[in-house]
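Below is the file model-v1.tsv, which contains TSV, C-alpha atoms.
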```
chain	number	residue	atom	x	y	z
A	273	TRP	CA	-8.89	9.75	-3.22
A	274	VAL	CA	-10.78	6.73	-4.54
A	275	SER	CA	-11.10	3.91	-2.00
A	276	ASP	CA	-12.99	1.22	-3.93
A	277	LEU	CA	-14.76	0.28	-7.16
A	278	ALA	CA	-17.57	-2.10	-8.08
A	279	ILE	CA	-19.48	-2.83	-11.30
A	280	ASP	CA	-23.12	-3.90	-11.29
A	281	ASP	CA	-24.91	-6.16	-13.80
A	282	TYR	CA	-25.86	-3.17	-15.93
A	283	GLY	CA	-22.25	-2.10	-16.33
A	284	THR	CA	-22.57	0.87	-14.00
A	285	LEU	CA	-19.37	1.70	-12.14
A	286	TRP	CA	-19.75	2.47	-8.43
A	287	ILE	CA	-16.95	4.53	-6.88
A	288	THR	CA	-16.39	5.27	-3.19
A	289	THR	CA	-14.26	8.27	-2.29
A	290	GLY	CA	-13.40	10.52	0.63
A	291	ARG	CA	-16.00	12.96	-0.67
A	292	GLY	CA	-18.89	10.62	-1.28
A	293	LEU	CA	-20.22	7.98	-3.68
A	294	SER	CA	-20.23	8.35	-7.46
A	295	THR	CA	-21.74	6.23	-10.22
A	296	PHE	CA	-20.70	6.26	-13.87
A	297	ASN	CA	-22.94	4.76	-16.56
A	298	GLY	CA	-20.45	5.15	-19.40
A	299	ARG	CA	-21.46	8.72	-20.18
A	300	ASN	CA	-22.38	10.58	-17.01
A	301	PHE	CA	-21.34	10.73	-13.36
A	302	THR	CA	-23.89	11.01	-10.55
A	303	ASN	CA	-22.70	11.94	-7.07
A	304	TYR	CA	-24.22	11.03	-3.69
A	305	GLY	CA	-23.40	11.89	-0.10
A	306	MET	CA	-24.82	13.11	3.17
A	307	LYS	CA	-27.41	15.19	1.32
A	308	ASP	CA	-28.91	11.90	0.09
A	309	GLY	CA	-29.08	10.24	3.50
A	310	PHE	CA	-25.62	8.77	3.95
A	311	PRO	CA	-24.20	9.24	7.46
A	312	SER	CA	-20.83	10.43	6.13
A	313	ASP	CA	-19.19	11.52	2.90
A	314	GLY	CA	-16.13	9.41	3.75
A	315	MET	CA	-16.86	6.08	2.08
A	316	GLY	CA	-14.42	3.21	2.38
A	317	SER	CA	-15.77	0.29	0.36
A	318	VAL	CA	-18.60	-0.75	-1.97
A	319	ALA	CA	-20.09	-4.09	-3.04
A	320	ILE	CA	-23.09	-5.09	-5.16
A	321	ASP	CA	-25.22	-8.00	-3.93
A	322	LYS	CA	-27.02	-10.67	-5.97
A	323	ASN	CA	-30.15	-8.49	-6.16
A	324	GLY	CA	-28.27	-5.49	-7.51
A	325	LEU	CA	-28.38	-3.57	-4.22
A	326	ALA	CA	-25.30	-1.48	-3.44
A	327	TRP	CA	-23.69	-1.73	-0.02
A	328	ILE	CA	-21.32	0.96	1.23
A	329	PHE	CA	-19.23	1.08	4.39
A	330	THR	CA	-18.81	4.54	5.89
A	331	GLY	CA	-18.02	3.46	9.44
A	332	LYS	CA	-21.64	2.38	9.36
A	333	LEU	CA	-23.07	-0.09	6.83
A	334	CYS	CA	-25.43	1.41	4.24
A	335	SER	CA	-27.59	-0.18	1.56
A	336	PHE	CA	-28.54	1.97	-1.43
A	337	ASP	CA	-30.97	1.18	-4.25
A	338	GLY	CA	-30.26	4.36	-6.22
A	339	SER	CA	-32.74	6.48	-4.31
A	340	LYS	CA	-33.12	5.26	-0.71
A	341	VAL	CA	-30.31	4.88	1.82
A	342	THR	CA	-30.77	2.47	4.75
A	343	VAL	CA	-28.22	2.77	7.55
A	344	TYR	CA	-27.15	-0.03	9.90
A	345	ASP	CA	-25.06	0.87	12.95
A	346	GLU	CA	-24.30	-0.19	16.52
A	347	LYS	CA	-27.92	-1.18	17.08
A	348	ASN	CA	-27.40	-3.83	14.38
A	349	GLY	CA	-23.95	-4.88	15.59
A	350	ILE	CA	-22.02	-2.75	13.07
A	351	TYR	CA	-18.98	-0.98	14.52
A	352	ASN	CA	-16.15	1.03	12.99
A	353	LEU	CA	-13.20	-0.97	14.34
A	354	ASN	CA	-10.57	-0.13	11.73
A	355	THR	CA	-7.25	0.81	13.34
A	356	GLY	CA	-4.79	0.49	10.45
A	357	ASN	CA	-3.97	2.15	7.17
A	358	SER	CA	-6.07	-0.28	5.13
A	359	TRP	CA	-9.60	0.63	4.07
A	360	PRO	CA	-12.35	-1.52	5.56
A	361	GLU	CA	-13.38	-4.00	2.87
A	362	ILE	CA	-16.83	-5.43	2.18
A	363	ALA	CA	-18.02	-8.26	-0.05
A	364	ALA	CA	-21.44	-9.65	-0.92
A	365	HIS	CA	-21.90	-13.35	-0.16
A	366	PRO	CA	-24.09	-15.58	-2.39
A	367	ASP	CA	-26.41	-16.24	0.57
A	368	GLY	CA	-27.23	-12.54	0.87
A	369	SER	CA	-24.83	-11.79	3.73
A	370	ILE	CA	-22.44	-8.86	3.67
A	371	TYR	CA	-18.92	-9.63	4.88
A	372	ILE	CA	-16.90	-6.77	6.41
A	373	ALA	CA	-13.15	-7.00	7.05
A	374	GLN	CA	-11.43	-4.38	9.18
A	375	TYR	CA	-7.80	-3.97	10.21
A	376	GLY	CA	-7.96	-4.47	13.96
A	377	GLY	CA	-11.59	-5.53	13.81
A	378	GLY	CA	-11.40	-8.96	12.20
A	379	LEU	CA	-14.45	-10.15	10.27
A	380	THR	CA	-18.10	-9.14	10.67
A	381	VAL	CA	-20.92	-10.98	8.89
A	382	PHE	CA	-24.18	-9.06	8.46
A	383	LYS	CA	-27.45	-10.74	7.51
A	384	ASP	CA	-31.14	-10.02	8.05
A	385	GLY	CA	-30.45	-6.85	10.00
A	386	LYS	CA	-28.00	-8.39	12.47
A	387	ALA	CA	-24.23	-8.69	12.56
A	388	LYS	CA	-21.88	-11.21	14.12
A	389	ARG	CA	-18.23	-10.43	14.70
A	390	TYR	CA	-15.47	-13.04	14.41
A	391	GLY	CA	-12.10	-12.77	16.14
A	392	PRO	CA	-9.70	-14.91	18.20
A	393	ASN	CA	-12.46	-16.53	20.25
A	394	GLU	CA	-14.10	-17.76	17.03
A	395	GLY	CA	-10.85	-19.00	15.46
A	396	LEU	CA	-9.66	-15.90	13.60
A	397	VAL	CA	-6.41	-15.57	15.54
A	398	ASP	CA	-5.25	-12.41	13.73
A	399	ILE	CA	-7.77	-9.56	13.41
A	400	ARG	CA	-5.43	-7.36	11.34
A	401	ILE	CA	-7.23	-7.98	8.05
A	402	HIS	CA	-6.23	-6.06	4.92
A	403	HIS	CA	-8.61	-7.57	2.37
A	404	LEU	CA	-11.12	-10.31	1.65
A	405	ALA	CA	-12.69	-12.18	-1.28
A	406	ILE	CA	-15.40	-14.84	-1.63
A	407	ASP	CA	-15.13	-17.89	-3.90
A	408	THR	CA	-17.93	-19.61	-5.83
A	409	ASP	CA	-18.53	-22.06	-2.96
A	410	GLY	CA	-19.11	-19.17	-0.57
A	411	ASN	CA	-15.82	-19.51	1.29
A	412	CYS	CA	-14.40	-16.20	2.47
A	413	TRP	CA	-10.64	-15.75	2.09
A	414	LEU	CA	-8.95	-13.20	4.33
A	415	ALA	CA	-5.58	-11.47	3.91
A	416	SER	CA	-3.90	-10.91	7.28
A	417	ASP	CA	-0.97	-8.73	8.27
A	418	GLY	CA	1.46	-11.38	9.47
A	419	SER	CA	-0.52	-14.58	9.96
A	420	GLY	CA	-1.03	-15.64	6.36
A	421	VAL	CA	-4.35	-16.38	4.69
A	422	PHE	CA	-7.51	-17.53	6.43
A	423	LYS	CA	-10.42	-19.39	4.83
A	424	PHE	CA	-13.82	-19.12	6.50
A	425	ASP	CA	-16.52	-21.58	5.42
A	426	GLY	CA	-19.24	-19.98	7.52
A	427	GLN	CA	-18.46	-22.13	10.54
A	428	THR	CA	-14.72	-22.58	10.97
A	429	PHE	CA	-11.48	-20.86	10.00
A	430	THR	CA	-8.60	-22.63	8.26
A	431	ARG	CA	-5.23	-20.91	8.37
A	432	TYR	CA	-2.56	-21.08	5.66
A	433	ASP	CA	0.89	-19.75	6.49
A	434	THR	CA	4.49	-20.63	5.70
A	435	LYS	CA	4.07	-24.05	7.32
A	436	GLN	CA	1.48	-24.88	4.64
A	437	GLY	CA	3.68	-23.51	1.83
A	438	LEU	CA	2.63	-19.86	1.72
A	439	VAL	CA	5.66	-17.89	0.59
A	440	ALA	CA	5.24	-15.00	3.06
A	441	PRO	CA	2.88	-14.34	5.99
A	442	GLU	CA	2.06	-10.68	5.35
A	443	ILE	CA	-0.74	-10.47	2.81
A	444	ASN	CA	-1.93	-7.21	1.25
A	445	HIS	CA	-4.65	-8.40	-1.12
A	446	ILE	CA	-6.63	-11.52	-2.08
A	447	TYR	CA	-7.91	-12.22	-5.58
A	448	ILE	CA	-9.97	-15.22	-6.72
A	449	ASP	CA	-9.93	-15.95	-10.45
A	450	ASP	CA	-12.51	-17.56	-12.72
A	451	TYR	CA	-11.12	-21.01	-11.87
A	452	ASP	CA	-11.35	-20.42	-8.11
A	453	LYS	CA	-7.59	-20.21	-7.74
A	454	ILE	CA	-6.57	-18.04	-4.81
A	455	TRP	CA	-3.99	-15.33	-5.55
A	456	ALA	CA	-2.37	-13.52	-2.64
A	457	ALA	CA	-0.31	-10.33	-2.90
A	458	THR	CA	2.44	-10.54	-0.30
A	459	TYR	CA	4.85	-8.19	1.39
A	460	GLY	CA	8.31	-9.22	0.24
A	461	GLY	CA	7.44	-12.63	-1.20
A	462	GLY	CA	5.86	-11.73	-4.53
A	463	VAL	CA	2.59	-13.42	-5.46
A	464	ALA	CA	1.33	-16.63	-3.87
A	465	VAL	CA	-1.19	-18.83	-5.70
A	466	TYR	CA	-3.24	-21.71	-4.32
A	467	ASP	CA	-4.92	-24.32	-6.55
A	468	GLY	CA	-6.87	-25.99	-3.76
A	469	GLU	CA	-4.07	-28.39	-2.88
A	470	THR	CA	-0.70	-26.64	-2.90
A	471	TRP	CA	0.72	-23.12	-2.76
A	472	GLY	CA	3.04	-21.84	-5.47
A	473	SER	CA	4.63	-18.44	-5.95
A	474	LEU	CA	5.96	-15.90	-8.42
A	475	ASP	CA	8.64	-13.32	-7.64
A	476	MET	CA	11.20	-11.06	-9.31
A	477	ARG	CA	13.07	-14.10	-10.61
A	478	ASP	CA	9.94	-14.83	-12.67
A	479	GLY	CA	9.73	-11.26	-13.97
A	480	LEU	CA	7.75	-9.40	-11.31
A	481	ILE	CA	8.60	-5.73	-11.05
A	482	ASN	CA	8.73	-5.99	-7.25
A	483	ASN	CA	8.39	-8.61	-4.55
A	484	THR	CA	5.97	-6.48	-2.54
A	485	ILE	CA	2.62	-6.55	-4.34
A	486	ALA	CA	-0.32	-4.29	-3.52
A	487	SER	CA	-3.17	-5.74	-5.59
A	488	ILE	CA	-4.07	-8.36	-8.20
A	489	TYR	CA	-6.61	-8.47	-11.01
A	490	SER	CA	-7.29	-10.54	-14.12
A	491	ILE	CA	-9.67	-10.81	-17.04
A	492	SER	CA	-11.08	-14.26	-17.79
A	493	GLY	CA	-8.17	-15.91	-16.01
A	494	ASN	CA	-5.96	-15.49	-19.07
A	495	ALA	CA	-3.84	-12.52	-18.07
A	496	TYR	CA	-3.07	-11.24	-14.59
A	497	TRP	CA	-1.94	-7.83	-13.43
A	498	PHE	CA	0.09	-7.32	-10.25
A	499	SER	CA	0.53	-3.78	-8.94
A	500	ALA	CA	3.48	-2.52	-6.92
A	501	PHE	CA	4.66	0.90	-5.76
A	502	ASN	CA	6.95	1.19	-8.79
A	503	GLY	CA	4.74	-0.18	-11.54
A	504	ILE	CA	2.61	-3.05	-12.82
A	505	THR	CA	3.49	-6.55	-14.01
A	506	GLN	CA	1.39	-8.46	-16.54
A	507	TYR	CA	1.54	-12.24	-16.25
A	508	LYS	CA	0.17	-14.76	-18.79
```

Structure encoded using structure tokens:
Amino acid sequence: WVSDLAIDDYGTLWITTGRGLSTFNGRNFTNYGMKDGFPSDGMGSVAIDKNGLAWIFTGKLCSFDGSKVTVYDEKNGIYNLNTGNSWPEIAAHPDGSIYIAQYGGGLTVFKDGKAKRYGPNEGLVDIRIHHLAIDTDGNCWLASDGSGVFKFDGQTFTRYDTKQGLVAPEINHIYIDDYDKIWAATYGGGVAVYDGETWGSLDMRDGLINNTIASIYSISGNAYWFSAFNGITQYK
């Protein structure tokens, strides 16, 4: 299985799988794993930071420059806390931090060799996080399993649920487009979209193939693709 994909500034595709990490430069695949210094061949998520360094979550957090693997673990505050069926997700923040979302583990922010975990005591009242994305202002948006969407500005969490106009509280995936609109794939409610002021939605009445959406992607903010268990919807 393939758990995650990322593309660096050179157009190289980075692929995490249950059997290791692969890169594809358009012509050839190169494979990496425990033989190269990774602590495990089971790799859940990958992100590329602003300096082109690859970060991989294996249960431990690893940085990889194409030749050297550096591993960060419990000594650095990194724990494998995932308890659900979602893969742990990581994202590179513009300030150099690595954000890690885990189902049952909430949010962990790693910077300068140290990690800080955020949960109910810090304002993240639901730690069942499926996915995350970071906007151009550095806000982290979190998809929760039943408590809506959370925005984290580095200090405080803001929650958006049905009281604020979100169509459904169970969120599978978060996507941020080129215009910083927030798109949320929901369980049973179709797609929710936030323009910074109000939440709107799309569902089967608008042409979606299903009201339970797994993931969202777009190119240049002109066309959007919504995946479901029974197919894909294109929206323009």

Any chance you could tabulate, as a tab-separated table, the residues of range 297-394 of chain A at most 12 Å from range 406-424 of chain A with each one's nearest atom pair and distance in Å to one decimal, using only C-alpha atoms, in chain and rising number order?
```
residue	atom	partner	partner_atom	distance
A:Ala319	CA	A:Ile406	CA	11.8
A:Gly356	CA	A:Asp417	CA	10.2
A:Asn357	CA	A:Asp417	CA	11.3
A:Ser358	CA	A:Asp417	CA	10.4
A:Glu361	CA	A:Leu414	CA	10.3
A:Ile362	CA	A:Ile406	CA	10.3
A:Ala363	CA	A:Ile406	CA	7.3
A:Ala364	CA	A:Ile406	CA	8.0
A:His365	CA	A:Gly410	CA	6.5
A:Pro366	CA	A:Gly410	CA	6.4
A:Asp367	CA	A:Gly410	CA	7.9
A:Gly368	CA	A:Gly410	CA	10.6
A:Ser369	CA	A:Gly410	CA	10.3
A:Ile370	CA	A:Ile406	CA	10.6
A:Tyr371	CA	A:Cys412	CA	8.3
A:Ile372	CA	A:Leu414	CA	10.4
A:Ala373	CA	A:Leu414	CA	8.0
A:Gln374	CA	A:Ser416	CA	10.1
A:Tyr375	CA	A:Ser416	CA	8.5
A:Gly376	CA	A:Asp417	CA	10.0
A:Gly377	CA	A:Ser416	CA	11.4
A:Gly378	CA	A:Ser416	CA	9.2
A:Leu379	CA	A:Leu414	CA	8.7
A:Thr380	CA	A:Cys412	CA	11.4
A:Val381	CA	A:Cys412	CA	10.5
A:Tyr390	CA	A:Phe424	CA	10.1
A:Gly391	CA	A:Phe424	CA	11.7
A:Glu394	CA	A:Phe424	CA	10.6
```

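Shortest separation to Gly462 in chain A among A:Pro441, A:Gly493, A:Gly298, A:Gly309 occurs at residue A:Pro441, atoms counted being all atoms listed in the file.
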
Env of Trp286 in chain A: 8 Å cut, atoms = all atoms listed in the file, seq-sep filter 2 positions within chain, self excluded. Answer as a PDB file with C-alpha atoms, in the frame of the given file.
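Output file part-v5.pdb follows:
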```
ATOM      1  CA  LEU A 277     -14.760   0.280  -7.160  1.00  0.00           C
ATOM      2  CA  ALA A 278     -17.570  -2.100  -8.080  1.00  0.00           C
ATOM      3  CA  ILE A 279     -19.480  -2.830 -11.300  1.00  0.00           C
ATOM      4  CA  ASP A 280     -23.120  -3.900 -11.290  1.00  0.00           C
ATOM      5  CA  THR A 284     -22.570   0.870 -14.000  1.00  0.00           C
ATOM      6  CA  THR A 288     -16.390   5.270  -3.190  1.00  0.00           C
ATOM      7  CA  LEU A 293     -20.220   7.980  -3.680  1.00  0.00           C
ATOM      8  CA  SER A 294     -20.230   8.350  -7.460  1.00  0.00           C
ATOM      9  CA  THR A 295     -21.740   6.230 -10.220  1.00  0.00           C
ATOM     10  CA  PHE A 296     -20.700   6.260 -13.870  1.00  0.00           C
ATOM     11  CA  VAL A 318     -18.600  -0.750  -1.970  1.00  0.00           C
TER      12      VAL A 318
END
```

Padding of 4 Å on every side, edges along x, y and z, all listed atoms of range 466-482 of chain A included: what centre and edge lengths in Å, to one decimal, does that box have, as AutoDock Vina command-line options?
```
--center_x 3.1 --center_y -17.1 --center_z -8.4 --size_x 27.9 --size_y 30.7 --size_z 19.2
```

Just want the 10 Å neighbourhood of Gly385 in chain A, counted on only C-alpha atoms, with same-chain residues fewer than 5 positions away dropped. Output as an MDAnalysis selection string. chainID A and resid 344:345 347:350 369

Find the residues near Val463 in chain A: any atom within 9 Å, counting only C-alpha atoms, skip ones fewer than 3 places away on the same chain, and give them as an NGL selection string. :A and (439 or 455-459 or 472-475 or 480 or 483-485 or 488 or 498)

Would you mind exporting C-alpha atoms of the selected residues as a PDB file, in the frame of the given file?
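Final file, again_0.pdb:
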```pdb
ATOM      1  CA  VAL A 439       5.660 -17.890   0.590  1.00  0.00           C
ATOM      2  CA  TRP A 455      -3.990 -15.330  -5.550  1.00  0.00           C
ATOM      3  CA  ALA A 456      -2.370 -13.520  -2.640  1.00  0.00           C
ATOM      4  CA  ALA A 457      -0.310 -10.330  -2.900  1.00  0.00           C
ATOM      5  CA  THR A 458       2.440 -10.540  -0.300  1.00  0.00           C
ATOM      6  CA  TYR A 459       4.850  -8.190   1.390  1.00  0.00           C
ATOM      7  CA  GLY A 472       3.040 -21.840  -5.470  1.00  0.00           C
ATOM      8  CA  SER A 473       4.630 -18.440  -5.950  1.00  0.00           C
ATOM      9  CA  LEU A 474       5.960 -15.900  -8.420  1.00  0.00           C
ATOM     10  CA  ASP A 475       8.640 -13.320  -7.640  1.00  0.00           C
ATOM     11  CA  LEU A 480       7.750  -9.400 -11.310  1.00  0.00           C
ATOM     12  CA  ASN A 483       8.390  -8.610  -4.550  1.00  0.00           C
ATOM     13  CA  THR A 484       5.970  -6.480  -2.540  1.00  0.00           C
ATOM     14  CA  ILE A 485       2.620  -6.550  -4.340  1.00  0.00           C
ATOM     15  CA  ILE A 488      -4.070  -8.360  -8.200  1.00  0.00           C
ATOM     16  CA  PHE A 498       0.090  -7.320 -10.250  1.00  0.00           C
TER      17      PHE A 498
END
```

Between A:Phe329, A:Tyr489, A:Tyr432, A:Tyr304, which has the minimum distance to Ile504 in chain A (counting only C-alpha atoms)? A:Tyr489

So which one's closest to Thr428 in chain A, A:Ser339, A:Leu396, A:Gly283, A:His445? Using only C-alpha atoms, please.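 Nearest candidate to Thr428 in chain A out of A:Ser339, A:Leu396, A:Gly283, A:His445: A:Leu396.
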
Compare A:Thr470, A:Asn297, A:Ser490, A:Ser275 by their minimum atom-to-atom distance to Thr434 in chain A, counting all atoms listed in the file, and give me the closest one.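 Looking only at the distances to Thr434 in chain A, the closest residue turns out to be A:Thr470.
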
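CA of Gly331 in chain A sits 8.2 Å away from CA of Leu353 in chain A.
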
Give me the residues near Ala326 in chain A as a ChimeraX atom specification, where near means some atom within 7 Å (using all atoms listed in the file) and where sequence neighbours in that chain fewer than 5 positions away do not count. /A:318-321,335-337

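Note that the spacing between CA of Pro311 in chain A and CA of Val343 in chain A amounts to 7.6 Å.
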
Could you check how far CA of Leu404 in chain A sits from CA of Ile448 in chain A, in Å to one decimal?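 Calculated distance between CA of Leu404 in chain A and CA of Ile448 in chain A is 9.8 Å.
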
So which one's closest to Asn502 in chain A, A:Ala486, A:Ile481, A:Ile454, A:Asp276? Using all atoms listed in the file, please.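 Ranked by minimum distance to Asn502 in chain A, first place goes to A:Ile481.
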